[in-house]
Amino acid sequence: MATKLDDRALDQLYRAARTCNAWTEQPVTEQQLRELYDLVKFGPTSGNCCPARFVWVSNAEGKHRLAALAAPTNAPKILAAPVTVIVGYDLDFAEQLPKLFPARGKDMQAHYSDPLVAQTTAFRNGSLQGAYLIIAARALGLDCGPMSGFNNEAVDSEFFAKTRIKSNFICSVGYGSNENIFPRNPRLTFEEAGRFA
C-alpha cells in the first residue's frame with residue numbers, strides 16, 4: 001500500500017517548486033531524459049491511449065528553430081535552457097491501441113475513427129501526459145519552465161511535418177537559477193475551486 005510522501009517531497013513537487021525562467025549551465029543528459037520519459041509513460045491515460053509525443057530540443061540548431069517561432073519573451077528562455085521539450089498529441093494515436101491495450105485495443109479503434117472523439121481524447125490525455133512530465137522532472141531533481149507563447153501552426157509545420165501530431169505546449173527542462181523568478185501568485189481556496197455534490 002502506498003504511503004503519504006513526506007513534506008520535503010511534497011515541497012519539491014508542488015509547494016516550493018517554481019516555474020523557471022533562467023537556467024544554470026549544468027547540462028541535462030540523454031540518459032536523464034530517457035529516465036524522465038520512463039516515469040512519464042506510466043501516468044494513466046484513458047484506455048492506455050498514450051497520445052503524447054515529445055520532441056526533445058537540445059542542440060543549438062533546434063533551439064534556434066524553436067525560438068524563432070516563440071513569443072519574444074519566450075525565445076531567450078528556449079535558447080538558454082539545456083532542453084526544451086515540445087509536448088504534442090498524435091491524432092493517429094489509435095494505431096497503437098492493439099499494442100497498448102492488447103485485450104481490446106483492436107476493437108477500440110473504431111470508436112476513435114470519429115475525428116472529434118480522436119481530437120478530444122488526444123488533446124485531453126496528451127495534456128495529462130504533459131503534466132506528468134512536469135511532476136516527473138521535479139521528482140528527478142530537475143526544474144521546469146512550461147510555456148504557451150509560441151506559434152502552434154508554425155511549430156507543427158517545422159517539427160511535426162507530414163504527421164498528424166499537433167503541438168500542445170512547450171516546457172524547458174534543466175537546473176533553474178534564481179534569476180527572474182516572480183513572487184508566487186495567489187491560488188484559489190478549496191471552497192473557491194470546488195464543492196461537494
# chains A, B, ... in the order shown; residues from 1 in each chain; ligands from 1
>>> closest_atom_pairs(of="range 165-189 of chain A", to="range 114-134 of chain A", cutoff="10 Å", atoms="only C-alpha atoms", output="CSV")
residue,atom,partner,partner_atom,distance
A:Ile165,CA,A:Ala122,CA,9.5
A:Lys166,CA,A:Phe123,CA,8.8
A:Ser167,CA,A:Phe123,CA,9.5
A:Asn168,CA,A:Ser127,CA,7.3
A:Phe169,CA,A:Gly130,CA,8.1
A:Ile170,CA,A:Gly130,CA,8.9
A:Cys171,CA,A:Ile134,CA,8.1
A:Ser172,CA,A:Ile134,CA,9.7
A:Val173,CA,A:Ile134,CA,8.6
>>> select_by_dssp(residues="range 29-176 of chain A", states="helix (DSSP H, G or I)", output="count of residues only")
76
>>> select_by_dssp(residues="chain A", states="strand (DSSP E or B)", output="PyMOL selection string")
chain A and resi 19+23+52-57+70+83-90+143-147+150+165-174+176
>>> residues_around(residues="Gly149 in chain A", least_positions_apart="5", cutoff="12 Å", atoms="only C-alpha atoms", output="list in words")
Leu66, Ala67, Ala68, Leu69, Ala70, Ala71, Pro72, Thr73, Asn74, Ala75, Lys77, Ile78, Val155, Ser167, Asn168, Phe169, Ile170 and Cys171 of chain A
>>> residues_around(residues="Ala9 in chain A", least_positions_apart="6", cutoff="10 Å", atoms="only C-alpha atoms", output="ChimeraX atom specification")
/A:15-16,138-139
>>> atom_distance(atom1="CA of Leu91 in chain A", atom2="CA of Val40 in chain A")
19.3 Å
>>> closest_residue(among="A:Gln96, A:Thr24, A:Gln32, A:Ser177", to="Asn48 in chain A", atoms="only C-alpha atoms")
A:Gln96
>>> residues_around(residues="Arg164 in chain A", least_positions_apart="6", cutoff="9 Å", atoms="only C-alpha atoms", output="compact mmCIF listing (two decimals) with all heavy atoms, in the first residue's frame")
# COMPACT_ATOMS: atom_id res chain seq x y z
N TYR A 89 0.46 15.98 -29.33
CA TYR A 89 -0.50 14.88 -29.21
C TYR A 89 -0.81 14.36 -30.61
O TYR A 89 -0.97 15.12 -31.56
CB TYR A 89 -1.78 15.33 -28.49
CG TYR A 89 -2.50 16.50 -29.09
CD1 TYR A 89 -3.57 16.33 -29.96
CD2 TYR A 89 -2.10 17.81 -28.80
CE1 TYR A 89 -4.24 17.41 -30.51
CE2 TYR A 89 -2.75 18.91 -29.35
CZ TYR A 89 -3.82 18.70 -30.21
OH TYR A 89 -4.47 19.77 -30.77
N ASP A 90 -0.85 13.04 -30.73
CA ASP A 90 -0.98 12.38 -32.02
C ASP A 90 -2.45 12.05 -32.29
O ASP A 90 -3.05 11.25 -31.57
CB ASP A 90 -0.14 11.11 -32.02
CG ASP A 90 -0.04 10.47 -33.39
OD1 ASP A 90 -0.69 10.95 -34.33
OD2 ASP A 90 0.71 9.48 -33.51
N LEU A 91 -3.01 12.64 -33.33
CA LEU A 91 -4.39 12.35 -33.68
C LEU A 91 -4.56 10.92 -34.20
O LEU A 91 -5.68 10.41 -34.24
CB LEU A 91 -4.88 13.36 -34.72
CG LEU A 91 -4.96 14.81 -34.24
CD1 LEU A 91 -5.31 15.74 -35.38
CD2 LEU A 91 -5.97 14.95 -33.11
N ASP A 92 -3.46 10.29 -34.57
CA ASP A 92 -3.49 8.89 -35.01
C ASP A 92 -3.09 7.92 -33.89
O ASP A 92 -2.62 6.82 -34.16
CB ASP A 92 -2.58 8.70 -36.22
CG ASP A 92 -3.14 9.33 -37.49
OD1 ASP A 92 -4.38 9.44 -37.59
OD2 ASP A 92 -2.35 9.69 -38.38
>>> closest_residue(among="A:Thr45, A:Thr163, A:Thr84, A:Thr189", to="Val57 in chain A", atoms="only C-alpha atoms")
A:Thr84
>>> closest_residue(among="A:Val87, A:Ala22, A:Ile135, A:Met147", to="Glu179 in chain A", atoms="only C-alpha atoms")
A:Ala22
>>> atom_distance(atom1="CA of Leu13 in chain A", atom2="CA of Gly174 in chain A")
14.8 Å
>>> closest_residue(among="A:Pro146, A:Leu140, A:Lys162, A:Lys106", to="Leu39 in chain A", atoms="only C-alpha atoms")
A:Leu140
>>> closest_residue(among="A:Ala136, A:Val28, A:Met108, A:Leu33", to="Tyr14 in chain A", atoms="only C-alpha atoms")
A:Ala136
>>> closest_residue(among="A:Lys41, A:Phe190, A:Cys49, A:Leu142", to="Gln109 in chain A", atoms="only C-alpha atoms")
A:Cys49
>>> residues_around(residues="Ser58 in chain A", least_positions_apart="2", cutoff="9 Å", atoms="only C-alpha atoms", output="ChimeraX atom specification")
/A:28,56,60-63,81-85
>>> write_last_selection(atoms="N, CA and C atoms", output="PDB file, in the first residue's frame")
ATOM      1  N   VAL A  28      21.695  18.702 -19.121  1.00  0.00           N
ATOM      2  CA  VAL A  28      20.784  17.575 -18.925  1.00  0.00           C
ATOM      3  C   VAL A  28      21.144  16.545 -19.984  1.00  0.00           C
ATOM      4  N   TRP A  56      12.494  16.485 -28.038  1.00  0.00           N
ATOM      5  CA  TRP A  56      13.456  16.994 -27.053  1.00  0.00           C
ATOM      6  C   TRP A  56      14.442  17.904 -27.790  1.00  0.00           C
ATOM      7  N   ALA A  60      21.903  23.382 -30.523  1.00  0.00           N
ATOM      8  CA  ALA A  60      21.800  24.811 -30.834  1.00  0.00           C
ATOM      9  C   ALA A  60      20.910  25.059 -32.045  1.00  0.00           C
ATOM     10  N   GLU A  61      21.023  24.226 -33.064  1.00  0.00           N
ATOM     11  CA  GLU A  61      20.221  24.421 -34.278  1.00  0.00           C
ATOM     12  C   GLU A  61      18.733  24.270 -33.971  1.00  0.00           C
ATOM     13  N   GLY A  62      18.384  23.220 -33.218  1.00  0.00           N
ATOM     14  CA  GLY A  62      16.987  23.006 -32.855  1.00  0.00           C
ATOM     15  C   GLY A  62      16.445  24.123 -31.979  1.00  0.00           C
ATOM     16  N   LYS A  63      17.254  24.594 -31.047  1.00  0.00           N
ATOM     17  CA  LYS A  63      16.817  25.683 -30.174  1.00  0.00           C
ATOM     18  C   LYS A  63      16.517  26.948 -30.978  1.00  0.00           C
ATOM     19  N   ALA A  81      17.921  27.404 -22.069  1.00  0.00           N
ATOM     20  CA  ALA A  81      17.647  26.139 -21.379  1.00  0.00           C
ATOM     21  C   ALA A  81      18.444  24.995 -21.991  1.00  0.00           C
ATOM     22  N   PRO A  82      18.857  24.032 -21.170  1.00  0.00           N
ATOM     23  CA  PRO A  82      19.554  22.864 -21.718  1.00  0.00           C
ATOM     24  C   PRO A  82      18.681  22.086 -22.706  1.00  0.00           C
ATOM     25  N   VAL A  83      17.389  21.983 -22.385  1.00  0.00           N
ATOM     26  CA  VAL A  83      16.443  21.241 -23.215  1.00  0.00           C
ATOM     27  C   VAL A  83      15.090  21.942 -23.142  1.00  0.00           C
ATOM     28  N   THR A  84      14.419  22.034 -24.263  1.00  0.00           N
ATOM     29  CA  THR A  84      13.010  22.423 -24.261  1.00  0.00           C
ATOM     30  C   THR A  84      12.250  21.346 -25.016  1.00  0.00           C
ATOM     31  N   VAL A  85      11.285  20.762 -24.357  1.00  0.00           N
ATOM     32  CA  VAL A  85      10.523  19.681 -24.975  1.00  0.00           C
ATOM     33  C   VAL A  85       9.225  20.228 -25.552  1.00  0.00           C
TER      34      VAL A  85
END
>>> atom_distance(atom1="CA of Phe93 in chain A", atom2="CA of Pro51 in chain A")
5.2 Å
